[in-house]
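Participant: Contents of run_21.txt (compact mmCIF, C-alpha atoms) are given next:
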# COMPACT_ATOMS: atom_id res chain seq x y z
CA MET A 12 0.00 0.00 0.00
CA PHE A 13 1.21 3.52 -0.68
CA GLN A 14 0.59 6.97 0.73
CA PRO A 15 -1.68 8.84 0.88
CA VAL A 16 -3.91 6.05 2.14
CA SER A 17 -7.13 7.91 1.15
CA LEU A 18 -6.02 7.86 -2.49
CA PHE A 19 -5.26 4.13 -2.30
CA VAL A 20 -8.64 3.21 -0.80
CA GLY A 21 -10.52 5.58 -3.13
CA LEU A 22 -8.94 4.03 -6.21
CA ARG A 23 -9.67 0.52 -4.90
CA TYR A 24 -13.34 1.45 -4.57
CA ALA A 25 -13.38 3.08 -8.03
CA LYS A 26 -11.78 0.06 -9.75
CA ALA A 27 -13.68 -2.62 -7.83
CA SER A 28 -15.48 -4.96 -10.25
CA LYS A 29 -17.73 -6.56 -7.65
CA GLY A 30 -20.51 -4.88 -5.72
CA ASN A 31 -23.96 -3.48 -6.32
CA ALA A 32 -24.69 -3.91 -10.03
CA PHE A 33 -26.99 -0.90 -10.13
CA ILE A 34 -24.33 1.37 -8.62
CA SER A 35 -21.78 0.02 -11.10
CA PHE A 36 -24.19 0.78 -13.93
CA ILE A 37 -24.65 4.38 -12.73
CA SER A 38 -20.87 4.83 -12.48
CA PHE A 39 -20.43 3.46 -15.99
CA PHE A 40 -23.22 5.71 -17.27
CA SER A 41 -21.61 8.79 -15.68
CA ILE A 42 -18.26 8.02 -17.34
CA ALA A 43 -19.95 7.34 -20.70
CA GLY A 44 -22.09 10.48 -20.37
CA ILE A 45 -19.11 12.73 -19.69
CA ALA A 46 -17.17 11.13 -22.56
CA LEU A 47 -20.03 11.43 -25.09
CA GLY A 48 -20.91 14.96 -24.01
CA LEU A 49 -17.31 16.16 -24.23
CA MET A 50 -16.81 14.37 -27.55
CA SER A 51 -19.90 16.08 -29.00
CA LEU A 52 -18.86 19.44 -27.56
CA ILE A 53 -15.34 19.22 -29.03
CA THR A 54 -16.60 18.05 -32.43
CA VAL A 55 -19.29 20.70 -32.80
CA SER A 56 -17.16 23.57 -31.48
CA SER A 57 -14.26 22.58 -33.78
CA VAL A 58 -16.55 22.53 -36.83
CA MET A 59 -18.11 25.86 -35.81
CA ASN A 60 -14.61 27.34 -35.38
CA GLY A 61 -13.78 26.03 -38.85
CA PHE A 62 -16.89 27.65 -40.34
CA GLU A 63 -16.05 30.94 -38.65
CA GLN A 64 -12.47 30.80 -39.98
CA THR A 65 -13.71 29.95 -43.48
CA LEU A 66 -16.16 32.85 -43.40
CA LYS A 67 -13.42 35.17 -42.23
CA ASN A 68 -11.02 34.07 -44.95
CA ALA A 69 -13.58 34.00 -47.79
CA MET A 70 -15.62 37.08 -46.93
CA LEU A 71 -13.48 39.47 -44.92
CA ASP A 72 -10.51 39.10 -47.24
CA MET A 73 -12.63 40.60 -50.04
CA ILE A 74 -13.63 43.78 -48.22
CA PRO A 75 -11.60 46.39 -46.33
CA HIS A 76 -11.22 45.60 -42.66
CA VAL A 77 -11.09 49.34 -42.04
CA GLN A 78 -12.02 52.09 -44.48
CA LEU A 79 -10.93 55.71 -44.08
CA LYS A 80 -13.33 57.92 -46.02
CA PRO A 81 -12.37 61.57 -46.68
CA GLU A 82 -15.03 63.98 -45.40
CA GLY A 83 -14.13 66.62 -47.96
CA GLU A 84 -11.05 67.92 -49.73
CA VAL A 85 -7.95 66.56 -47.97
CA LYS A 86 -4.26 66.85 -48.65
CA SER A 87 -2.36 64.05 -50.34
CA SER A 88 -3.01 60.74 -48.60
CA ASN A 89 0.35 59.20 -49.57
CA ASN A 90 2.07 60.09 -46.28
CA LEU A 91 -0.82 58.67 -44.28
CA LYS A 92 -0.71 55.43 -46.32
CA VAL A 93 3.00 55.04 -45.59
CA GLN A 94 2.42 55.59 -41.86
CA LEU A 95 -0.48 53.12 -41.82
CA ALA A 96 1.56 50.45 -43.61
CA GLU A 97 4.19 50.65 -40.83
CA LEU A 98 1.71 49.67 -38.09
CA SER A 99 2.28 46.14 -36.76
CA THR A 100 -1.38 45.11 -37.11
CA VAL A 101 -1.66 46.23 -40.75
CA LYS A 102 -1.20 43.81 -43.62
CA ARG A 103 -2.03 45.97 -46.66
CA VAL A 104 -2.95 49.59 -47.42
CA GLN A 105 -4.27 50.80 -50.76
CA SER A 106 -6.66 53.22 -52.44
CA TYR A 107 -10.29 52.22 -52.32
CA LEU A 108 -13.53 53.15 -54.02
CA THR A 109 -16.99 51.61 -53.76
CA SER A 110 -20.56 52.34 -54.76
CA ASP A 111 -23.94 50.64 -54.79
CA VAL A 112 -24.82 50.01 -58.43
CA ILE A 113 -27.29 48.19 -60.65
CA LEU A 114 -26.01 45.56 -63.10
CA GLN A 115 -28.22 45.27 -66.17
CA THR A 116 -28.29 42.75 -68.99
CA ASN A 117 -30.94 41.84 -71.53
CA GLU A 118 -32.04 39.06 -69.21
CA GLU A 119 -31.79 40.40 -65.67
CA LEU A 120 -31.32 43.36 -63.34
CA LEU A 121 -29.42 43.07 -60.03
CA GLY A 122 -28.27 45.47 -57.33
CA VAL A 123 -24.75 44.90 -55.98
CA ARG A 124 -21.90 46.73 -54.26
CA LEU A 125 -19.16 47.52 -56.78
CA GLN A 126 -15.59 47.81 -55.46
CA GLY A 127 -12.76 49.44 -57.35
CA VAL A 128 -9.56 47.40 -57.44
CA PHE A 129 -6.40 49.46 -57.71
CA GLU A 130 -2.78 48.40 -58.23
CA GLY A 131 -1.79 45.66 -55.80
CA GLY A 132 -5.35 44.84 -54.84
CA THR A 133 -5.94 41.87 -57.13
CA SER A 134 -4.49 39.39 -54.61
CA LEU A 135 -7.88 39.10 -52.96
CA LEU A 136 -9.31 37.68 -56.22
CA GLU A 137 -6.43 35.54 -57.47
CA SER A 138 -7.13 32.58 -55.17
CA HIS A 139 -10.81 32.45 -56.20
CA ILE A 140 -10.61 32.85 -60.01
CA GLU A 141 -12.73 30.34 -61.90
CA SER A 142 -12.40 31.69 -65.45
CA GLY A 143 -11.01 34.76 -67.18
CA SER A 144 -7.77 36.71 -66.99
CA ILE A 145 -6.50 38.79 -64.08
CA LYS A 146 -4.13 40.51 -66.52
CA GLN A 147 -7.03 41.63 -68.72
CA PHE A 148 -8.91 42.84 -65.65
CA GLN A 149 -5.95 44.95 -64.54
CA SER A 150 -4.89 46.43 -67.88
CA GLY A 151 -8.17 46.91 -69.76
CA LYS A 152 -10.57 49.80 -69.39
CA TYR A 153 -14.02 49.28 -67.88
CA GLN A 154 -13.37 45.67 -66.92
CA LEU A 155 -15.56 43.81 -64.45
CA ALA A 156 -15.03 40.82 -62.12
CA ILE A 157 -18.18 39.09 -60.92
CA SER A 158 -18.92 35.95 -58.92
CA ARG A 159 -20.20 32.71 -60.39
CA TYR A 160 -23.49 33.34 -58.58
CA LEU A 161 -23.93 36.75 -60.28
CA ALA A 162 -22.81 35.37 -63.66
CA ASN A 163 -25.46 32.66 -63.48
CA SER A 164 -28.13 35.12 -62.33
CA LEU A 165 -27.31 37.61 -65.08
CA LYS A 166 -26.75 34.81 -67.63
CA VAL A 167 -23.36 36.14 -68.75
CA GLN A 168 -19.86 34.75 -69.21
CA VAL A 169 -16.33 36.07 -69.73
CA GLY A 170 -16.40 38.59 -72.58
CA SER A 171 -20.06 39.54 -72.08
CA GLN A 172 -21.00 43.16 -71.58
CA ILE A 173 -22.98 44.42 -68.59
CA ARG A 174 -24.42 47.89 -68.18
CA VAL A 175 -23.42 49.41 -64.83
CA ILE A 176 -25.93 52.00 -63.59
CA MET A 177 -24.82 54.23 -60.72
CA PRO A 178 -27.72 56.01 -58.98
CA GLU A 179 -25.35 57.95 -56.70
CA VAL A 180 -23.86 59.87 -59.65
CA THR A 181 -26.28 61.71 -61.93
CA THR A 182 -26.04 63.99 -64.97
CA TYR A 183 -28.40 66.54 -66.46
CA SER A 184 -30.20 65.68 -69.67
CA PRO A 185 -33.17 67.06 -71.61
CA MET A 186 -35.28 64.54 -69.66
CA GLY A 187 -33.91 65.68 -66.30
CA ARG A 188 -31.39 63.99 -64.05
CA VAL A 189 -30.32 60.50 -65.13
CA PRO A 190 -27.92 58.15 -63.33
CA ALA A 191 -24.41 57.67 -64.67
CA GLN A 192 -24.02 54.45 -66.62
CA ARG A 193 -21.46 52.64 -68.70
CA LEU A 194 -20.98 49.30 -70.42
CA PHE A 195 -18.39 47.11 -68.67
CA THR A 196 -16.86 43.89 -70.03
CA VAL A 197 -16.69 40.79 -67.85
CA ALA A 198 -12.96 40.04 -67.59
CA LEU A 199 -13.08 37.26 -65.01
CA ILE A 200 -15.45 35.19 -62.91
CA TYR A 201 -14.52 34.19 -59.35
CA ASN A 202 -16.09 31.86 -56.80
CA SER A 203 -15.33 32.43 -53.11
CA ARG A 204 -18.21 30.20 -51.94
CA SER A 205 -19.30 32.80 -49.39
CA GLU A 206 -22.17 35.24 -48.93
CA ALA A 207 -20.02 37.92 -50.56
CA ASP A 208 -20.67 36.24 -53.93
CA THR A 209 -24.31 37.35 -53.81
CA GLN A 210 -23.67 41.04 -53.27
CA LEU A 211 -20.16 41.98 -54.38
CA ALA A 212 -18.57 42.75 -57.74
CA PHE A 213 -15.23 44.32 -58.67
CA ALA A 214 -14.21 46.84 -61.32
CA ASN A 215 -10.94 48.27 -62.52
CA GLY A 216 -10.21 51.05 -60.01
CA GLN A 217 -9.30 53.77 -62.51
CA SER A 218 -12.38 53.04 -64.62
CA LEU A 219 -14.67 53.19 -61.60
CA ALA A 220 -13.06 56.45 -60.43
CA ARG A 221 -13.67 57.92 -63.89
CA LEU A 222 -17.33 56.86 -63.79
CA MET A 223 -17.74 58.30 -60.28
CA ARG A 224 -15.90 61.49 -61.35
CA LYS A 225 -13.14 61.17 -58.79
CA LYS A 226 -10.37 63.19 -60.40
CA SER A 227 -7.61 63.04 -57.77
CA GLN A 228 -6.12 60.51 -55.37
CA SER A 229 -7.17 62.69 -52.42
CA GLN A 230 -10.80 61.97 -53.26
CA LEU A 231 -10.32 58.21 -52.93
CA ASP A 232 -10.92 56.24 -49.74
CA ILE A 233 -8.13 54.32 -48.00
CA SER A 234 -8.58 50.56 -47.60
CA ILE A 235 -6.76 48.90 -44.68
CA SER A 236 -6.44 45.12 -44.39
CA LEU A 237 -5.28 43.72 -41.05
CA HIS A 238 -3.32 40.55 -40.32
CA ASP A 239 -6.27 39.51 -38.14
CA ALA A 240 -9.65 41.08 -38.92
CA PHE A 241 -10.74 40.48 -35.33
CA SER A 242 -7.91 42.61 -33.89
CA LEU A 243 -9.71 45.92 -34.52
CA GLU A 244 -9.21 47.06 -30.93
CA ASP A 245 -5.41 46.69 -31.18
CA PHE A 246 -5.42 48.48 -34.54
CA TYR A 247 -7.40 51.43 -33.21
CA LYS A 248 -4.94 51.79 -30.33
CA GLU A 249 -2.10 52.09 -32.86
CA LEU A 250 -4.15 54.35 -35.12
CA SER A 251 -4.66 56.86 -32.28
CA SER A 252 -1.01 57.91 -32.67
CA LEU A 253 -1.61 59.04 -36.29
CA ASP A 254 -3.33 62.16 -37.56
CA THR A 255 -6.50 60.95 -39.33
CA SER A 256 -8.44 64.21 -39.06
CA GLY A 257 -10.59 64.75 -42.11
CA TYR A 258 -11.37 61.02 -42.44
CA THR A 259 -14.33 58.98 -41.25
CA ARG A 260 -13.60 55.45 -40.01
CA ILE A 261 -15.75 52.54 -41.17
CA ASP A 262 -14.80 48.95 -40.25
CA TRP A 263 -16.03 45.55 -41.44
CA GLN A 264 -18.38 45.20 -38.49
CA VAL A 265 -20.69 47.76 -40.09
CA GLN A 266 -21.22 45.52 -43.15
CA GLN A 267 -20.72 42.00 -41.82
CA GLY A 268 -20.73 42.33 -38.03
CA ALA A 269 -24.28 40.98 -37.66
CA LEU A 270 -23.38 37.77 -39.53
CA PHE A 271 -20.33 37.02 -37.38
CA ALA A 272 -22.24 37.94 -34.21
CA ALA A 273 -24.91 35.41 -35.23
CA VAL A 274 -22.26 32.73 -35.84
CA ALA A 275 -20.68 33.43 -32.44
CA MET A 276 -24.09 33.31 -30.73
CA GLU A 277 -24.94 30.01 -32.45
CA LYS A 278 -21.62 28.56 -31.32
CA ARG A 279 -22.27 29.60 -27.70
CA VAL A 280 -25.82 28.20 -27.72
CA MET A 281 -24.67 24.87 -29.21
CA SER A 282 -21.89 24.63 -26.62
CA LEU A 283 -24.38 25.34 -23.84
CA LEU A 284 -26.82 22.67 -25.05
CA LEU A 285 -24.12 20.04 -25.46
CA GLY A 286 -22.66 21.04 -22.11
CA LEU A 287 -25.93 19.98 -20.51
CA ILE A 288 -25.10 16.39 -21.52
CA VAL A 289 -21.93 16.61 -19.43
CA LEU A 290 -23.92 18.21 -16.59
CA VAL A 291 -26.42 15.32 -16.56
CA ALA A 292 -23.52 12.87 -16.36
CA ILE A 293 -22.08 14.90 -13.45
CA PHE A 294 -25.36 14.47 -11.55
CA ASN A 295 -25.01 10.72 -12.06
CA ILE A 296 -21.74 10.95 -10.14
CA ILE A 297 -23.64 12.52 -7.22
CA SER A 298 -26.35 9.85 -7.24
CA GLY A 299 -23.86 7.00 -7.70
CA LEU A 300 -21.61 8.20 -4.87
CA SER A 301 -24.57 8.83 -2.56
CA MET A 302 -25.75 5.24 -3.08
CA MET A 303 -22.18 4.01 -2.59
CA VAL A 304 -21.94 5.86 0.73
CA LYS A 305 -25.19 4.24 1.89
CA GLU A 306 -23.99 0.78 0.88
CA LYS A 307 -20.49 1.15 2.31
CA GLN A 308 -21.48 2.52 5.73
CA GLY A 309 -20.19 -0.60 7.44
CA GLU A 310 -16.82 -0.40 5.72
CA VAL A 311 -16.63 3.34 6.46
CA ALA A 312 -17.25 2.65 10.13
CA ILE A 313 -14.49 -0.02 10.16
CA LEU A 314 -12.08 2.40 8.48
CA GLN A 315 -12.86 4.97 11.17
CA THR A 316 -12.12 2.45 13.91
CA LEU A 317 -8.78 1.81 12.21
CA GLY A 318 -7.90 5.49 12.56
CA PHE A 319 -9.39 7.20 9.51
CA THR A 320 -10.45 10.76 10.32
CA PRO A 321 -13.64 12.29 8.81
CA VAL A 322 -11.42 14.29 6.41
CA MET A 323 -9.72 11.12 5.21
CA ILE A 324 -13.10 9.43 4.70
CA SER A 325 -14.24 12.42 2.62
CA LYS A 326 -11.11 12.20 0.50
CA VAL A 327 -11.76 8.49 -0.21
CA PHE A 328 -15.11 9.26 -1.87
CA MET A 329 -13.77 12.39 -3.54
CA VAL A 330 -11.08 10.27 -5.20
CA GLN A 331 -13.68 7.73 -6.31
CA GLY A 332 -15.94 10.36 -7.90
CA LEU A 333 -13.05 12.31 -9.41
CA TYR A 334 -11.74 9.06 -10.95
CA ASN A 335 -14.95 8.75 -12.98
CA GLY A 336 -14.72 12.39 -14.06
CA VAL A 337 -11.06 12.18 -15.13
CA ILE A 338 -11.55 8.91 -17.05
CA GLY A 339 -14.66 10.29 -18.79
CA THR A 340 -12.84 13.54 -19.64
CA LEU A 341 -9.80 11.74 -21.10
CA LEU A 342 -12.00 9.41 -23.16
CA GLY A 343 -14.11 12.36 -24.35
CA LEU A 344 -11.02 14.38 -25.31
CA PHE A 345 -9.51 11.52 -27.28
CA ALA A 346 -12.78 10.58 -29.01
CA GLY A 347 -13.65 14.23 -29.73
CA LEU A 348 -10.29 15.04 -31.30
CA LEU A 349 -10.39 11.82 -33.33
CA LEU A 350 -13.97 12.33 -34.57
CA ALA A 351 -13.48 16.03 -35.38
CA ASN A 352 -10.26 15.31 -37.27
CA TYR A 353 -11.91 12.62 -39.41
CA ILE A 354 -15.45 14.05 -39.50
CA ASN A 355 -15.57 14.21 -43.31
CA GLU A 356 -14.38 10.61 -43.67
CA VAL A 357 -16.97 9.47 -41.11
CA MET A 358 -19.73 11.33 -43.00
CA SER A 359 -18.68 9.68 -46.26
CA LEU A 360 -18.63 6.28 -44.55
CA VAL A 361 -22.25 6.64 -43.36
CA GLY A 362 -23.38 8.03 -46.72
CA LEU A 363 -23.77 11.70 -45.77
CA SER A 364 -22.49 14.43 -48.10
CA LEU A 365 -22.74 18.19 -48.34
CA LEU A 366 -24.12 20.07 -51.33
CA GLY A 367 -21.60 20.54 -54.12
CA GLY A 368 -19.09 18.10 -52.65
CA MET A 369 -18.05 20.56 -49.94
CA THR A 370 -16.32 19.36 -46.79
CA LEU A 371 -16.77 20.43 -43.19
CA PRO A 372 -13.96 22.77 -42.08
CA VAL A 373 -12.37 21.93 -38.73
CA LYS A 374 -10.27 24.17 -36.51
CA PHE A 375 -8.99 23.18 -33.07
CA GLU A 376 -8.49 25.93 -30.50
CA MET A 377 -6.11 24.80 -27.76
CA THR A 378 -7.47 27.33 -25.25
CA GLY A 379 -11.04 26.11 -25.77
CA LEU A 380 -10.02 22.46 -25.42
CA ILE A 381 -8.19 23.15 -22.16
CA ILE A 382 -11.17 25.10 -20.78
CA MET A 383 -13.63 22.31 -21.67
CA ALA A 384 -11.46 19.59 -20.13
CA THR A 385 -10.77 21.66 -17.00
CA LEU A 386 -14.45 22.47 -16.48
CA SER A 387 -15.37 18.80 -16.89
CA VAL A 388 -12.89 17.71 -14.21
CA LEU A 389 -13.80 20.66 -11.96
CA LEU A 390 -17.54 19.88 -12.13
CA SER A 391 -16.78 16.23 -11.41
CA PHE A 392 -14.88 17.28 -8.29
CA ILE A 393 -17.69 19.58 -7.14
CA ALA A 394 -20.14 16.70 -7.59
CA THR A 395 -18.18 14.65 -5.04
CA LEU A 396 -18.41 17.19 -2.22
CA TYR A 397 -21.92 16.39 -0.96
CA PRO A 398 -21.59 12.56 -0.92
CA ALA A 399 -18.13 12.88 0.66
CA LYS A 400 -19.54 15.13 3.37
CA GLN A 401 -22.29 12.60 4.07
CA ALA A 402 -19.71 9.80 4.34
CA ALA A 403 -17.71 11.82 6.88
CA LYS A 404 -20.82 12.06 9.11
CA VAL A 405 -21.14 8.28 9.52
CA MET A 406 -21.05 7.36 13.23
CA PRO A 407 -19.16 4.03 13.77
CA ALA A 408 -20.94 3.21 17.04
CA GLU A 409 -24.41 3.43 15.47
CA VAL A 410 -23.49 1.50 12.31
CA LEU A 411 -21.64 -1.32 14.12
CA ARG A 412 -24.09 -1.64 17.03
CA TYR A 413 -25.76 -4.76 15.70
CA GLU A 414 -22.80 -6.19 13.77
Let me see whether you can do it: turn the structure in this file into structure tokens.

Facilitator:
Amino acid sequence: MFQPVSLFVGLRYAKASKGNAFISFISFFSIAGIALGLMSLITVSSVMNGFEQTLKNAMLDMIPHVQLKPEGEVKSSNNLKVQLAELSTVKRVQSYLTSDVILQTNEELLGVRLQGVFEGGTSLLESHIESGSIKQFQSGKYQLAISRYLANSLKVQVGSQIRVIMPEVTTYSPMGRVPAQRLFTVALIYNSRSEADTQLAFANGQSLARLMRKKSQSQLDISISLHDAFSLEDFYKELSSLDTSGYTRIDWQVQQGALFAAVAMEKRVMSLLLGLIVLVAIFNIISGLSMMVKEKQGEVAILQTLGFTPVMISKVFMVQGLYNGVIGTLLGLFAGLLLANYINEVMSLVGLSLLGGMTLPVKFEMTGLIIMATLSVLLSFIATLYPAKQAAKVMPAEVLRYE
């Protein structure tokens, strides 16, 4: 036997194969419940993290993370761009122009947000190109890049012409004010497989500036892309050291914040619901230990006559309950990591598939995994406190009176 003796006796009770079958079943069910709950929690949270990361990469990479919009006539923005590019949180700084427009063909009419792409800004499209030429888009006048979704809706392809109508810019005519419009040629079609495909199109920056009658660089907005789109707070701390008077700040949360807030809320709700499975299993530890204390009163009394103090008796049952929690947590961690890592293979094996042959994205967050495992063990320990306290109250004289 080894010290501490409470640990030794507690582990003997936890590993005992003989005894009340019903109590053994409850102990097994508590371990299985913790393992299944934690496995489900890890799998779902990892997939949700993957979806969030995919959304961030596909959608936020195509729009400015922060946009500085001149309020009126400002001095040259070149110095400000250089200063912004030197900030540690900033990945890319470039000129930016955007407008809500109407795309018209003989078949269809759609409203989209049209972004001007200036020199160095085509990298956000290059990884999503499905057909067409990025070189033609950059060098040609009045060139357009649209998503596969918009191309199908407008029934166009590379080389087709689309009339761009801009309600924000108007001209006088004999019939009154009419919106500015121009025929653009589809130079490339991209497919980012995100919500941005339904509402975003791109045009050659100089051509769009000409259509919007922006004659100088000082009239253009400044687009800022960050290394991490979710580090806005750190960026704004750095930005406070620069003179940005004359500019209005607009960040991605204005356009897409509601979507990511909904994803985060869904992830929290799913985690809460799956966490209830673990909580139910924790209650099984309480009931199982309470029944064990009732059954083992005689043995507890004998241990007390051998010199066990009430604190040592409490520790025996704490060890027994914590053993179930630790084993269930370890099994749940292993099974959760394994299932999440091979979730797409498992889905294929059972005959489930996503639309278009897509796969479920998975992203493990070490901090989240540690928190889930720690909470599982901590709740298991808390569940042992009441039964252990009841065991410490056993009076040897009363229990052994008729033995």

Participant: So that I can check the surroundings of Phe148 in chain A, please list as a short mmCIF file (atom, residue, chain, number, x, y, z; two decimals) with C-alpha atoms, in the frame of the given file every protein, DNA and RNA residue that reaches within 10 Å of it, counting all atoms listed in the file and ignoring chain neighbours fewer than 4 positions away.

Facilitator:
data_model
loop_
_atom_site.label_atom_id
_atom_site.label_comp_id
_atom_site.auth_asym_id
_atom_site.auth_seq_id
_atom_site.Cartn_x
_atom_site.Cartn_y
_atom_site.Cartn_z
CA VAL A 128 -9.56 47.40 -57.44
CA THR A 133 -5.94 41.87 -57.13
CA GLY A 143 -11.01 34.76 -67.18
CA SER A 144 -7.77 36.71 -66.99
CA LYS A 152 -10.57 49.80 -69.39
CA TYR A 153 -14.02 49.28 -67.88
CA GLN A 154 -13.37 45.67 -66.92
CA LEU A 155 -15.56 43.81 -64.45
CA ALA A 156 -15.03 40.82 -62.12
CA THR A 196 -16.86 43.89 -70.03
CA VAL A 197 -16.69 40.79 -67.85
CA ALA A 198 -12.96 40.04 -67.59
CA LEU A 199 -13.08 37.26 -65.01
CA PHE A 213 -15.23 44.32 -58.67
CA ALA A 214 -14.21 46.84 -61.32
CA ASN A 215 -10.94 48.27 -62.52
#

Participant: Go through A:Val311, A:Ala212, A:Leu66, A:Ala292 one by one, measure the shortest atom-to-atom distance of each to Met406 in chain A using all atoms listed in the file, and give the residue with the smallest value.

Facilitator: A:Val311

Participant: Show which residues sit within 12 Å of Leu79 in chain A, as a list of chain:residue names. Count all atoms listed in the file, and ignore same-chain residues fewer than 6 positions away.

Facilitator: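 With the cut-off at 12 Å, the set is A:Val85, A:Ser88, A:Leu91, A:Lys92, A:Leu95, A:Val104, A:Gln105, A:Ser106, A:Tyr107, A:Leu108, A:Ser229, A:Gln230, A:Leu231, A:Asp232, A:Ile233, A:Ser234, A:Ile235, A:Ser236, A:Leu250, A:Asp254, A:Thr255, A:Ser256, A:Gly257, A:Tyr258, A:Thr259, A:Arg260, A:Ile261, A:Asp262, A:Trp263.
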
Participant: Could you jot down the CA of Ser282 in chain A to CA of Ala351 in chain A separation for me, Å, one decimal place?

Facilitator: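 Pair CA of Ser282 in chain A / CA of Ala351 in chain A returns 14.9 Å.
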
Participant: Rounded to one decimal in Å, what is the spacing between CA of Asn355 in chain A and CA of Thr370 in chain A?

Facilitator: 6.3 Å

Participant: Tell me, in Å to one decimal, how far CA of Tyr160 in chain A is from CA of Leu237 in chain A.

Facilitator: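 For CA of Tyr160 in chain A relative to CA of Leu237 in chain A, the distance reads 27.3 Å.
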
Participant: Specify the axis-aligned box that encloses all atoms of range 342-349 of chain A listed in the file after padding of 6 Å on each side, stating its centre and edge lengths in Å to one decimal as JSON.

Facilitator:
{"center_x": -11.8, "center_y": 12.2, "center_z": -28.2, "size_x": 16.6, "size_y": 17.6, "size_z": 22.2}

Participant: Could you check which residues have any atom within 10 Å of (-19.6, 50.8, -69.3), counting all atoms listed in the file with coordinates taken straight from the file, and then list them as a list in words?

Facilitator: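 The answer, in the requested form, is Lys152, Tyr153, Gln154, Leu155, Gln172, Ile173, Arg174, Val175, Ile176, Ala191, Gln192, Arg193, Leu194, Phe195, Thr196, Ser218, Leu219 and Leu222 of chain A.
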
Participant: Considering only C-alpha atoms, state which residue in the set A:Leu344, A:Met358, A:Leu290, A:Ala399 is at the smallest distance from Met377 in chain A.

Facilitator: A:Leu344

Participant: Find the spatial neighbours of Tyr397 in chain A, counting only C-alpha atoms, within a cut-off of 12 Å - ignore same-chain residues fewer than 6 positions away - and output them as a VMD selection string.

Facilitator: chain A and resid 294 296 to 302 304 325 to 326 328 to 329 332 391 403 to 404

Participant: Which neighbours of Arg159 in chain A fall inside 6 Å, counting only C-alpha atoms, when residues of the same chain fewer than 5 positions from it are skipped, and could you give them as a list of chain:residue names?

Facilitator: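 My list of contacting residues is A:Ile200, A:Tyr201, A:Asn202.
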
Participant: Residues at most 12 Å from Val330 in chain A, counting all atoms listed in the file, excluding those fewer than 2 positions away in the same chain, as a PyMOL selection string?

Facilitator: chain A and resi 15-26+296+300+323-328+332-338+388+391-396+398-399

Participant: Looking at only C-alpha atoms, which of A:Leu389, A:Val405, A:Phe246, A:Phe241 is the one that sits closest to Glu306 in chain A?

Facilitator: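 Checking each candidate against Glu306 in chain A, we get A:Val405 as the closest.
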